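Content type CSV, C-alpha atoms, from the file run_15.csv:
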```
chain,number,residue,atom,x,y,z
A,1157,MET,CA,89.6,214.1,74.8
A,1158,PRO,CA,93.2,213.2,73.9
A,1159,GLU,CA,94.8,210.6,76.2
A,1160,PRO,CA,97.8,211.9,78.2
A,1161,ALA,CA,101.0,210.0,78.0
A,1162,PRO,CA,101.9,207.7,81.0
A,1163,GLY,CA,103.5,209.6,83.8
A,1164,ALA,CA,102.3,213.0,82.6
A,1165,SER,CA,100.7,215.4,85.0
A,1166,ALA,CA,97.1,216.5,84.2
A,1167,LEU,CA,94.2,218.4,85.5
A,1168,LEU,CA,91.5,216.0,86.7
A,1169,ARG,CA,88.7,218.4,85.5
A,1170,ASP,CA,89.7,217.1,82.0
A,1171,HIS,CA,88.8,213.6,83.1
A,1172,THR,CA,85.5,214.0,84.9
A,1173,THR,CA,82.1,214.6,83.5
A,1174,LEU,CA,81.6,217.5,86.0
A,1175,ARG,CA,84.7,219.2,84.5
A,1176,LEU,CA,85.9,219.8,88.0
A,1177,GLY,CA,89.1,218.9,89.9
A,1178,GLY,CA,92.6,220.1,90.3
A,1179,PRO,CA,95.9,218.6,89.2
A,1180,ALA,CA,97.0,215.0,89.6
A,1181,GLY,CA,100.5,214.4,91.0
A,1182,GLU,CA,101.0,211.8,88.3
A,1183,LEU,CA,98.7,210.3,85.6
A,1184,VAL,CA,99.2,206.8,84.2
A,1185,VAL,CA,97.0,205.5,81.5
A,1186,ALA,CA,96.8,201.7,81.6
A,1187,THR,CA,95.7,200.1,78.3
A,1188,THR,CA,96.4,196.5,79.4
A,1189,GLU,CA,95.8,194.5,82.6
A,1190,GLU,CA,99.5,194.2,83.1
A,1191,GLU,CA,100.0,197.9,82.9
A,1192,LEU,CA,97.1,198.4,85.3
A,1193,VAL,CA,98.4,196.1,87.9
A,1194,ALA,CA,101.9,197.5,87.6
A,1195,ALA,CA,100.5,201.1,88.0
A,1196,LEU,CA,98.7,200.2,91.2
A,1197,ASP,CA,102.1,199.2,92.8
A,1198,ALA,CA,102.8,202.7,94.1
A,1199,ASP,CA,104.4,203.8,97.3
A,1200,GLY,CA,101.9,206.6,98.0
A,1201,PRO,CA,98.1,207.1,97.5
A,1202,VAL,CA,96.5,205.9,94.2
A,1203,LEU,CA,93.3,207.1,92.7
A,1204,VAL,CA,91.7,204.8,90.1
A,1205,LEU,CA,89.9,206.6,87.4
A,1206,GLY,CA,87.4,205.1,84.9
A,1207,GLY,CA,85.1,207.3,82.9
A,1208,GLY,CA,85.1,210.0,85.6
A,1209,SER,CA,81.3,210.1,85.7
A,1210,ASN,CA,80.8,209.4,89.4
A,1211,LEU,CA,83.6,211.6,90.9
A,1212,VAL,CA,83.8,214.9,92.6
A,1213,VAL,CA,87.4,215.9,92.9
A,1214,ALA,CA,88.7,218.7,95.1
A,1215,ASP,CA,90.1,221.9,93.7
A,1216,ASP,CA,93.4,220.9,95.1
A,1217,GLY,CA,93.4,217.8,93.0
A,1218,PHE,CA,95.0,214.5,94.1
A,1219,ALA,CA,98.7,214.6,95.1
A,1220,GLY,CA,99.4,210.9,94.4
A,1221,ARG,CA,99.2,208.7,91.3
A,1222,VAL,CA,96.1,208.7,89.2
A,1223,VAL,CA,95.6,205.5,87.2
A,1224,LYS,CA,93.2,205.8,84.3
A,1225,ILE,CA,91.8,202.4,83.2
A,1226,ALA,CA,91.8,202.3,79.4
A,1227,THR,CA,91.5,198.5,78.8
A,1228,THR,CA,89.1,197.4,76.1
A,1229,GLY,CA,87.4,194.2,74.9
A,1230,ILE,CA,84.0,192.5,74.7
A,1231,ALA,CA,84.1,188.7,74.4
A,1232,ALA,CA,81.1,186.4,74.3
A,1233,ASP,CA,81.3,182.7,75.0
A,1234,THR,CA,79.5,182.0,71.7
A,1235,GLU,CA,79.3,183.8,68.4
A,1236,ASP,CA,75.8,182.4,67.8
A,1237,ASP,CA,73.3,185.2,68.2
A,1238,ASP,CA,70.4,182.8,67.6
A,1239,PRO,CA,67.7,183.6,70.2
A,1240,SER,CA,66.9,179.9,70.5
A,1241,CYS,CA,70.3,179.4,72.1
A,1242,GLY,CA,68.9,181.0,75.3
A,1243,GLY,CA,71.8,182.8,76.9
A,1244,VAL,CA,75.3,184.1,76.5
A,1245,LEU,CA,78.2,184.9,78.9
A,1246,VAL,CA,79.8,188.2,78.0
A,1247,THR,CA,83.1,189.2,79.5
A,1248,VAL,CA,84.0,192.9,79.3
A,1249,ALA,CA,87.2,194.8,80.1
A,1250,ALA,CA,86.9,197.3,82.9
A,1251,GLY,CA,87.9,200.3,80.7
A,1252,GLU,CA,85.2,199.7,78.1
A,1253,SER,CA,82.5,202.4,77.8
A,1254,TRP,CA,79.4,201.2,79.5
A,1255,ASP,CA,77.1,202.6,76.8
A,1256,HIS,CA,79.1,201.0,74.1
A,1257,LEU,CA,78.5,197.7,75.7
A,1258,VAL,CA,74.8,198.4,75.9
A,1259,GLU,CA,74.8,199.4,72.2
A,1260,VAL,CA,76.5,196.1,71.2
A,1261,ALA,CA,74.1,194.2,73.4
A,1262,ALA,CA,71.1,195.7,71.6
A,1263,GLU,CA,72.7,195.0,68.2
A,1264,ARG,CA,73.4,191.4,69.0
A,1265,GLY,CA,70.2,190.6,70.8
A,1266,TRP,CA,71.7,190.3,74.3
A,1267,VAL,CA,68.9,191.1,76.8
A,1268,GLY,CA,69.0,192.6,80.2
A,1269,VAL,CA,70.9,195.9,80.1
A,1270,GLU,CA,68.9,197.8,77.6
A,1271,ALA,CA,67.2,200.0,80.2
A,1272,LEU,CA,70.7,201.1,81.3
A,1273,SER,CA,71.4,202.9,78.0
A,1274,GLY,CA,73.1,206.3,78.0
A,1275,ILE,CA,74.7,206.0,81.4
A,1276,PRO,CA,78.2,207.5,81.2
A,1277,GLY,CA,81.3,205.9,82.6
A,1278,SER,CA,83.2,202.6,82.3
A,1279,VAL,CA,82.1,199.0,82.7
A,1280,GLY,CA,84.4,198.5,85.6
A,1281,ALA,CA,82.6,201.2,87.7
A,1282,THR,CA,79.2,199.7,87.3
A,1283,PRO,CA,79.4,196.9,89.9
A,1284,VAL,CA,81.0,199.2,92.5
A,1285,GLN,CA,77.8,201.4,92.6
A,1286,ASN,CA,75.5,198.6,91.4
A,1287,VAL,CA,74.4,201.1,88.7
A,1288,GLY,CA,70.7,201.1,87.9
A,1289,ALA,CA,68.1,203.1,86.1
A,1290,TYR,CA,64.6,202.6,84.6
A,1291,GLY,CA,63.9,199.4,86.6
A,1292,GLN,CA,67.2,197.6,85.9
A,1293,GLU,CA,70.4,197.2,87.9
A,1294,VAL,CA,73.6,195.7,86.8
A,1295,SER,CA,73.4,193.2,89.7
A,1296,GLN,CA,70.6,191.5,87.8
A,1297,THR,CA,72.9,190.4,85.0
A,1298,ILE,CA,76.4,190.2,86.5
A,1299,ALA,CA,77.6,186.7,86.8
A,1300,SER,CA,81.0,187.5,88.3
A,1301,VAL,CA,83.5,190.4,88.8
A,1302,ARG,CA,87.2,189.8,88.4
A,1303,VAL,CA,89.4,192.2,90.5
A,1304,TRP,CA,93.0,192.9,91.5
A,1305,ASP,CA,93.0,192.7,95.3
A,1306,ARG,CA,95.5,195.4,96.5
A,1307,VAL,CA,95.7,193.9,100.0
A,1308,LEU,CA,96.4,190.3,98.9
A,1309,LYS,CA,98.3,191.4,95.8
A,1310,GLY,CA,96.5,189.0,93.5
A,1311,VAL,CA,93.6,188.4,91.2
A,1312,ARG,CA,90.3,187.3,92.7
A,1313,THR,CA,86.9,186.5,91.1
A,1314,PHE,CA,83.7,187.2,93.0
A,1315,ALA,CA,80.5,185.4,92.0
A,1316,ASN,CA,77.3,187.6,92.0
A,1317,ALA,CA,76.3,186.4,95.5
A,1318,ASP,CA,79.7,187.3,96.9
A,1319,CYS,CA,79.5,190.9,95.6
A,1320,HIS,CA,77.0,191.9,98.4
A,1321,PHE,CA,75.0,194.0,96.0
A,1322,ALA,CA,72.4,196.4,97.4
A,1323,TYR,CA,70.8,199.6,96.3
A,1324,ARG,CA,73.8,201.6,94.9
A,1325,HIS,CA,76.1,199.5,97.0
A,1326,SER,CA,78.4,196.5,96.8
A,1327,ARG,CA,81.3,195.0,98.7
A,1328,PHE,CA,83.6,197.0,96.5
A,1329,LYS,CA,82.1,200.3,97.6
A,1330,ALA,CA,82.1,199.1,101.2
A,1331,ASP,CA,85.9,198.6,101.1
A,1332,PRO,CA,87.1,201.5,98.9
A,1333,GLY,CA,90.5,201.3,97.4
A,1334,ARG,CA,91.0,197.5,97.9
A,1335,HIS,CA,89.5,196.0,94.8
A,1336,VAL,CA,90.2,197.3,91.4
A,1337,VAL,CA,87.9,195.8,88.8
A,1338,LEU,CA,89.7,194.1,85.9
A,1339,SER,CA,86.7,192.7,84.0
A,1340,VAL,CA,83.0,191.9,84.5
A,1341,THR,CA,81.2,188.9,83.2
A,1342,PHE,CA,77.5,189.3,82.4
A,1343,GLN,CA,74.9,186.5,81.9
A,1344,LEU,CA,72.4,187.8,79.3
A,1345,ARG,CA,69.5,186.2,77.6
A,1346,GLN,CA,69.2,186.2,73.9
A,1347,GLY,CA,66.2,187.5,72.0
A,1348,THR,CA,64.6,190.4,70.1
A,1349,LEU,CA,62.5,191.6,73.0
A,1350,GLY,CA,63.9,193.4,76.0
A,1351,ALA,CA,63.3,192.3,79.6
A,1352,PRO,CA,59.8,193.0,81.1
A,1353,VAL,CA,59.5,196.8,81.6
A,1354,GLN,CA,59.5,197.6,85.3
A,1355,TYR,CA,59.5,201.4,85.3
A,1356,ALA,CA,56.2,203.3,84.7
A,1357,GLU,CA,57.8,206.3,82.8
A,1358,LEU,CA,59.6,203.9,80.4
A,1359,ALA,CA,56.4,201.8,79.9
A,1360,ARG,CA,54.5,205.0,79.0
A,1361,ALA,CA,57.2,206.0,76.5
A,1362,LEU,CA,57.0,202.6,74.9
A,1363,GLY,CA,53.2,202.4,74.9
A,1364,VAL,CA,53.2,199.1,76.9
A,1365,ASP,CA,51.9,198.1,80.3
A,1366,LEU,CA,54.2,197.4,83.2
A,1367,GLY,CA,55.6,193.9,83.0
A,1368,GLN,CA,55.2,193.8,79.2
A,1369,ARG,CA,58.1,193.5,76.8
A,1370,ALA,CA,59.1,195.7,73.9
A,1371,PRO,CA,61.6,195.3,71.0
A,1372,LEU,CA,65.2,195.5,72.4
A,1373,ARG,CA,66.3,198.4,70.2
A,1374,GLU,CA,63.1,200.4,70.8
A,1375,VAL,CA,63.7,200.1,74.6
A,1376,ARG,CA,67.2,201.5,74.1
A,1377,GLU,CA,66.1,204.4,72.0
A,1378,ALA,CA,63.3,205.2,74.4
A,1379,VAL,CA,65.6,205.3,77.4
A,1380,LEU,CA,68.1,207.5,75.5
A,1381,ALA,CA,65.3,209.9,74.6
A,1382,LEU,CA,64.2,210.0,78.3
A,1383,ARG,CA,67.7,210.6,79.5
A,1384,ARG,CA,68.4,213.3,76.9
A,1385,GLY,CA,65.2,215.1,78.1
A,1386,LYS,CA,66.7,215.2,81.6
A,1387,GLY,CA,70.2,216.2,80.5
A,1388,MET,CA,71.6,212.8,81.4
A,1389,VAL,CA,73.3,212.0,78.2
A,1390,LEU,CA,76.7,213.7,77.8
A,1391,ASP,CA,76.8,216.6,75.4
A,1392,ASP,CA,79.7,219.0,75.1
A,1393,ALA,CA,77.3,221.8,74.0
A,1394,ASP,CA,74.9,221.4,76.9
A,1395,PRO,CA,76.0,222.4,80.4
A,1396,ASP,CA,73.0,220.5,81.9
A,1397,THR,CA,75.0,217.4,81.1
A,1398,TRP,CA,78.2,218.6,82.9
A,1399,SER,CA,77.3,216.7,86.0
A,1400,ALA,CA,77.9,213.5,87.9
A,1401,GLY,CA,74.4,212.3,87.1
A,1402,SER,CA,72.1,211.9,90.1
A,1403,PHE,CA,73.9,213.7,92.9
A,1404,PHE,CA,71.9,212.1,95.7
A,1405,THR,CA,70.6,208.6,96.2
A,1406,ASN,CA,66.9,208.0,96.7
A,1407,PRO,CA,66.5,207.7,100.5
A,1408,ILE,CA,65.2,204.6,102.2
A,1409,VAL,CA,63.2,205.5,105.3
A,1410,PRO,CA,60.4,204.3,107.5
A,1411,ALA,CA,57.1,204.5,105.7
A,1412,GLU,CA,55.7,207.0,108.1
A,1413,GLN,CA,58.5,209.4,107.4
A,1414,VAL,CA,57.6,209.8,103.7
A,1415,PRO,CA,55.9,213.2,103.1
A,1416,GLU,CA,52.3,213.2,101.8
A,1417,GLY,CA,52.3,213.1,98.0
A,1418,ALA,CA,55.9,211.8,97.7
A,1419,PRO,CA,56.5,208.7,95.6
A,1420,ALA,CA,57.2,205.6,97.6
A,1421,TRP,CA,58.3,202.1,96.7
A,1422,PRO,CA,58.5,199.1,99.1
A,1423,ALA,CA,62.0,198.4,100.3
A,1424,GLY,CA,61.3,195.6,102.9
A,1425,ASP,CA,61.2,195.5,106.7
A,1426,GLY,CA,58.7,198.3,106.9
A,1427,LEU,CA,61.0,200.7,104.9
A,1428,VAL,CA,60.2,202.5,101.6
A,1429,LYS,CA,62.3,204.2,99.0
A,1430,THR,CA,61.2,207.7,98.1
A,1431,SER,CA,62.3,210.2,95.5
A,1432,ALA,CA,65.2,212.5,96.2
A,1433,ALA,CA,64.2,214.6,93.2
A,1434,TRP,CA,60.7,215.1,94.7
A,1435,LEU,CA,62.1,216.1,98.0
A,1436,ILE,CA,64.5,218.5,96.5
A,1437,ASP,CA,61.9,220.1,94.3
A,1438,HIS,CA,59.3,220.4,97.1
A,1439,ALA,CA,61.9,221.8,99.5
A,1440,GLY,CA,62.2,224.8,97.3
A,1441,PHE,CA,65.0,223.8,95.0
A,1442,GLY,CA,63.5,223.6,91.6
A,1443,LYS,CA,65.1,222.9,88.3
A,1444,GLY,CA,67.7,225.5,87.4
A,1445,TYR,CA,68.1,226.7,91.0
A,1446,ALA,CA,71.4,228.5,90.8
A,1447,ALA,CA,74.3,229.7,93.0
A,1448,GLY,CA,76.7,231.5,90.8
A,1449,ARG,CA,78.5,229.2,88.4
A,1450,VAL,CA,76.7,226.1,89.5
A,1451,SER,CA,73.1,225.1,89.5
A,1452,LEU,CA,70.6,222.3,89.5
A,1453,SER,CA,70.1,221.1,86.0
A,1454,THR,CA,67.3,223.0,84.2
A,1455,LYS,CA,66.0,219.6,83.1
A,1456,HIS,CA,66.3,217.5,86.3
A,1457,ALA,CA,66.4,218.6,89.9
A,1458,LEU,CA,68.6,215.7,91.0
A,1459,ALA,CA,71.6,216.7,88.9
A,1460,LEU,CA,74.1,219.4,90.1
A,1461,THR,CA,75.8,221.0,87.2
A,1462,ASN,CA,78.9,223.1,86.4
A,1463,ARG,CA,77.7,226.0,84.2
A,1464,GLY,CA,81.3,226.7,83.2
A,1465,ASP,CA,84.5,227.6,85.0
A,1466,ALA,CA,83.0,226.6,88.4
A,1467,THR,CA,85.0,225.3,91.3
A,1468,THR,CA,84.4,222.1,93.2
A,1469,GLU,CA,83.9,224.1,96.4
A,1470,GLU,CA,81.1,226.0,94.7
A,1471,LEU,CA,79.4,222.8,93.7
A,1472,LEU,CA,79.8,221.3,97.2
A,1473,ALA,CA,78.3,224.5,98.7
A,1474,LEU,CA,75.2,224.1,96.6
A,1475,ALA,CA,75.0,220.4,97.5
A,1476,ARG,CA,75.1,221.3,101.2
A,1477,GLU,CA,72.4,223.9,100.7
A,1478,VAL,CA,70.1,221.4,99.0
A,1479,ARG,CA,70.9,218.6,101.5
A,1480,ASP,CA,70.3,220.8,104.5
A,1481,GLY,CA,67.2,222.4,103.0
A,1482,VAL,CA,65.6,218.9,102.5
A,1483,GLN,CA,66.5,217.9,106.0
A,1484,ALA,CA,65.0,221.1,107.5
A,1485,ALA,CA,61.8,220.6,105.4
A,1486,TYR,CA,61.3,216.8,105.8
A,1487,GLY,CA,63.7,215.5,108.4
A,1488,ILE,CA,65.4,213.3,105.7
A,1489,ARG,CA,69.1,213.6,105.2
A,1490,LEU,CA,70.2,213.0,101.6
A,1491,VAL,CA,73.4,211.1,100.9
A,1492,ASN,CA,75.6,211.8,97.9
A,1493,GLU,CA,75.9,209.2,95.2
A,1494,PRO,CA,79.2,210.3,93.6
A,1495,VAL,CA,82.5,209.5,95.2
A,1496,LEU,CA,84.2,212.5,96.9
A,1497,VAL,CA,88.0,212.8,96.4
A,1498,GLY,CA,89.8,215.1,98.7
A,1499,CYS,CA,86.6,216.9,99.8
A,1500,GLU,CA,83.5,216.3,101.8
A,1501,LEU,CA,79.9,217.5,102.2
```
Any chance you could give the structure as structure tokens?
Amino acid sequence: MPEPAPGASALLRDHTTLRLGGPAGELVVATTEEELVAALDADGPVLVLGGGSNLVVADDGFAGRVVKIATTGIAADTEDDDPSCGGVLVTVAAGESWDHLVEVAAERGWVGVEALSGIPGSVGATPVQNVGAYGQEVSQTIASVRVWDRVLKGVRTFANADCHFAYRHSRFKADPGRHVVLSVTFQLRQGTLGAPVQYAELARALGVDLGQRAPLREVREAVLALRRGKGMVLDDADPDTWSAGSFFTNPIVPAEQVPEGAPAWPAGDGLVKTSAAWLIDHAGFGKGYAAGRVSLSTKHALALTNRGDATTEELLALAREVRDGVQAAYGIRLVNEPVLVGCEL
């Protein structure tokens, strides 16, 4: 989509993958760190926008300043792509497309993010949610996160251990609005083979056993194919992709609370992680379950989609119906993964 000029008003539905959201009071597009820091110095409320892939914005929009991060740049600490070198530090601007980074990594033999192919959004958003898929999380490869601290009014750099990463969580998510990511530095291995495959569905697609490795580019292509099959790769022609990805996180509950037959993965301290998609489907909300102009994806029950000209309130009504239905059936309350702006479940 064309980039609006700094200071122009805009409809936020044009800047979110759900294609939902009302007007911004003011939209500023920051293409440099200097522009970004200056834009954050506003008297009223500020909403920071990356790729818009993890946002649900109210129909009333956002009355304050919206700052769209459009910084770019991928810099490695070495130009030597020889696998014998062992590793590489790659520093990436917050506004870079995440999937573009993964594509570059696969081309250059940088190992550790290939299973995160096809995820929409910007690099700067990934540490906030500790984005993960197909057995990988960004916390496994992040060396440090450089931010603008809006409270202290200065640049800070957090080492991995100081980011407080957990499942779809970080210190940045715990303290919303304070830290605006400027750049992320990744520590990646070098080689022609991807990291050991840790996800059964991906292992089957690659024809390898769990824990085995496969060629880096083959892993990327297999993940992209799997995601396309679930409507999780953005496509202007496919309403199944007009979503915020997985709308609910996989719940972590006591082992005895997991329904019979539901998937379960150990989460420590007697807890297990189970599948939100399984719970939704078995609570009676199958793929394609519709409520007017919104529905669950026809390819994946965990994605709530805008079928065209929907409203945010319609989407939230469907989300509440699904959440409450799962709780009534299994006593497990699902939690939304996307950030809600000006609205709530």
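Among A:Val1450, A:Ala1317, A:Ala1261, A:Val1267, the residue with the shortest atom-to-atom distance to Pro1395 in chain A, counting only C-alpha atoms, is A:Val1450.
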Contact residues around Ser1295 in chain A with all atoms listed in the file at 8 Å, ignoring same-chain residues under 2 positions, as number ranges by chain: A: 1283, 1286, 1293, 1297-1298, 1316, 1321
Test item: residues at most 7 Å from range 1271-1282 of chain A, all atoms listed in the file, excluding those fewer than 3 positions along its chain, as a list in words: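 Counting all atoms listed in the file, the residues come to Gly1206, Gly1207, Gly1208, Ser1209, Ala1250, Gly1251, Glu1252, Ser1253, Trp1254, Asp1255, Val1258, Gln1285, Asn1286, Val1287, Gly1288, Ala1289, Tyr1290, Gln1292, Val1294, Val1337, Leu1338, Ser1339, Val1340, Val1375, Arg1376, Val1379, Leu1380 and Val1389 of chain A.
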Can you write out the residues you just picked, keeping C-alpha atoms, as a JSON list (two decimals), keeping the file's coordinate frame?
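Dumped to again.json:
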```json
[["chain", "number", "residue", "atom", "x", "y", "z"],
["A", 1206, "GLY", "CA", 87.40, 205.10, 84.90],
["A", 1207, "GLY", "CA", 85.10, 207.30, 82.90],
["A", 1208, "GLY", "CA", 85.10, 210.00, 85.60],
["A", 1209, "SER", "CA", 81.30, 210.10, 85.70],
["A", 1250, "ALA", "CA", 86.90, 197.30, 82.90],
["A", 1251, "GLY", "CA", 87.90, 200.30, 80.70],
["A", 1252, "GLU", "CA", 85.20, 199.70, 78.10],
["A", 1253, "SER", "CA", 82.50, 202.40, 77.80],
["A", 1254, "TRP", "CA", 79.40, 201.20, 79.50],
["A", 1255, "ASP", "CA", 77.10, 202.60, 76.80],
["A", 1258, "VAL", "CA", 74.80, 198.40, 75.90],
["A", 1285, "GLN", "CA", 77.80, 201.40, 92.60],
["A", 1286, "ASN", "CA", 75.50, 198.60, 91.40],
["A", 1287, "VAL", "CA", 74.40, 201.10, 88.70],
["A", 1288, "GLY", "CA", 70.70, 201.10, 87.90],
["A", 1289, "ALA", "CA", 68.10, 203.10, 86.10],
["A", 1290, "TYR", "CA", 64.60, 202.60, 84.60],
["A", 1292, "GLN", "CA", 67.20, 197.60, 85.90],
["A", 1294, "VAL", "CA", 73.60, 195.70, 86.80],
["A", 1337, "VAL", "CA", 87.90, 195.80, 88.80],
["A", 1338, "LEU", "CA", 89.70, 194.10, 85.90],
["A", 1339, "SER", "CA", 86.70, 192.70, 84.00],
["A", 1340, "VAL", "CA", 83.00, 191.90, 84.50],
["A", 1375, "VAL", "CA", 63.70, 200.10, 74.60],
["A", 1376, "ARG", "CA", 67.20, 201.50, 74.10],
["A", 1379, "VAL", "CA", 65.60, 205.30, 77.40],
["A", 1380, "LEU", "CA", 68.10, 207.50, 75.50],
["A", 1389, "VAL", "CA", 73.30, 212.00, 78.20]]
```
For Thr1397 in chain A: contacts at 12 Å, all atoms listed in the file, fewer than 5 positions along chain excluded, given as a ChimeraX atom specification: /A:1172-1175,1209,1274-1276,1383-1392,1402,1451-1456,1458-1464
Could you write out the selected residues, including C-alpha atoms, as a compact mmCIF listing (two decimals), keeping the file's coordinate frame?
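Writing the result to selection15.txt gives the following:
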```
# COMPACT_ATOMS: atom_id res chain seq x y z
CA THR A 1172 85.50 214.00 84.90
CA THR A 1173 82.10 214.60 83.50
CA LEU A 1174 81.60 217.50 86.00
CA ARG A 1175 84.70 219.20 84.50
CA SER A 1209 81.30 210.10 85.70
CA GLY A 1274 73.10 206.30 78.00
CA ILE A 1275 74.70 206.00 81.40
CA PRO A 1276 78.20 207.50 81.20
CA ARG A 1383 67.70 210.60 79.50
CA ARG A 1384 68.40 213.30 76.90
CA GLY A 1385 65.20 215.10 78.10
CA LYS A 1386 66.70 215.20 81.60
CA GLY A 1387 70.20 216.20 80.50
CA MET A 1388 71.60 212.80 81.40
CA VAL A 1389 73.30 212.00 78.20
CA LEU A 1390 76.70 213.70 77.80
CA ASP A 1391 76.80 216.60 75.40
CA ASP A 1392 79.70 219.00 75.10
CA SER A 1402 72.10 211.90 90.10
CA SER A 1451 73.10 225.10 89.50
CA LEU A 1452 70.60 222.30 89.50
CA SER A 1453 70.10 221.10 86.00
CA THR A 1454 67.30 223.00 84.20
CA LYS A 1455 66.00 219.60 83.10
CA HIS A 1456 66.30 217.50 86.30
CA LEU A 1458 68.60 215.70 91.00
CA ALA A 1459 71.60 216.70 88.90
CA LEU A 1460 74.10 219.40 90.10
CA THR A 1461 75.80 221.00 87.20
CA ASN A 1462 78.90 223.10 86.40
CA ARG A 1463 77.70 226.00 84.20
CA GLY A 1464 81.30 226.70 83.20
```
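The list of residues with at least one atom within 9 Å of Val1244 in chain A, based on only C-alpha atoms and without residues fewer than 4 positions apart in the same chain, reads Ala1232, Asp1233, Thr1234, Asp1236, Asp1237, Trp1266, Phe1342, Gln1343, Leu1344, Arg1345 and Gln1346 of chain A.
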For Ala1262 in chain A: contacts at 9 Å, only C-alpha atoms, fewer than 6 positions along chain excluded, given as a list in words: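 Near neighbours after the sequence-gap exclusion: Val1269, Glu1270, Thr1348, Gly1350, Leu1372, Arg1373 and Arg1376 of chain A.
Here CA of Arg1221 in chain A stands at a distance of 23.2 Å from CA of Arg1312 in chain A.
Distances from A:Phe1218, A:Phe1441, A:Tyr1323, A:Tyr1486 to Ala1418 in chain A were compared using all atoms listed in the file, and the smallest one belongs to A:Tyr1486.
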Å distance separating CA of Ile1230 in chain A from CA of Glu1263 in chain A, one decimal place: 13.3 Å
d(CA of Leu1382 in chain A, CA of Asp1437 in chain A) in Å: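 Calculated distance between CA of Leu1382 in chain A and CA of Asp1437 in chain A is 19.1 Å.
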Top pick for closest residue to Ala1219 in chain A, considering A:Leu1366, A:Leu1183, A:Leu1472, A:Ile1408 and counting only C-alpha atoms: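 Under the stated criterion, the closest residue is A:Leu1183.
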Starting from the incomplete input, reconstruct all heavy atoms of range 1230-1234 of chain A and report them as an mmCIF file, in the coordinates of the input.
```
data_model
loop_
_atom_site.group_PDB
_atom_site.id
_atom_site.type_symbol
_atom_site.label_atom_id
_atom_site.label_comp_id
_atom_site.auth_asym_id
_atom_site.auth_seq_id
_atom_site.Cartn_x
_atom_site.Cartn_y
_atom_site.Cartn_z
ATOM 1 N N ILE A 1230 85.318 193.160 74.435
ATOM 2 C CA ILE A 1230 84.000 192.500 74.700
ATOM 3 C C ILE A 1230 84.052 191.153 74.095
ATOM 4 O O ILE A 1230 84.182 191.034 72.866
ATOM 5 C CB ILE A 1230 82.851 193.351 74.139
ATOM 6 C CG1 ILE A 1230 82.830 194.773 74.713
ATOM 7 C CG2 ILE A 1230 81.512 192.650 74.408
ATOM 8 C CD1 ILE A 1230 81.788 195.681 74.066
ATOM 9 N N ALA A 1231 83.976 190.108 74.925
ATOM 10 C CA ALA A 1231 84.100 188.700 74.400
ATOM 11 C C ALA A 1231 82.921 187.896 74.892
ATOM 12 O O ALA A 1231 82.665 187.779 76.098
ATOM 13 C CB ALA A 1231 85.408 188.110 74.888
ATOM 14 N N ALA A 1232 82.182 187.322 73.934
ATOM 15 C CA ALA A 1232 81.100 186.400 74.300
ATOM 16 C C ALA A 1232 81.535 184.985 74.196
ATOM 17 O O ALA A 1232 82.472 184.649 73.460
ATOM 18 C CB ALA A 1232 79.918 186.651 73.277
ATOM 19 N N ASP A 1233 80.894 184.126 74.978
ATOM 20 C CA ASP A 1233 81.300 182.700 75.000
ATOM 21 C C ASP A 1233 80.751 181.955 73.795
ATOM 22 O O ASP A 1233 81.023 180.767 73.620
ATOM 23 C CB ASP A 1233 80.892 182.032 76.287
ATOM 24 C CG ASP A 1233 79.374 181.891 76.440
ATOM 25 O OD1 ASP A 1233 78.615 182.569 75.710
ATOM 26 O OD2 ASP A 1233 78.943 181.107 77.314
ATOM 27 N N THR A 1234 79.959 182.648 72.961
ATOM 28 C CA THR A 1234 79.500 182.000 71.700
ATOM 29 C C THR A 1234 79.314 183.147 70.689
ATOM 30 O O THR A 1234 78.988 184.287 71.019
ATOM 31 C CB THR A 1234 78.118 181.340 71.935
ATOM 32 O OG1 THR A 1234 77.649 180.870 70.657
ATOM 33 C CG2 THR A 1234 77.076 182.284 72.510
#
```
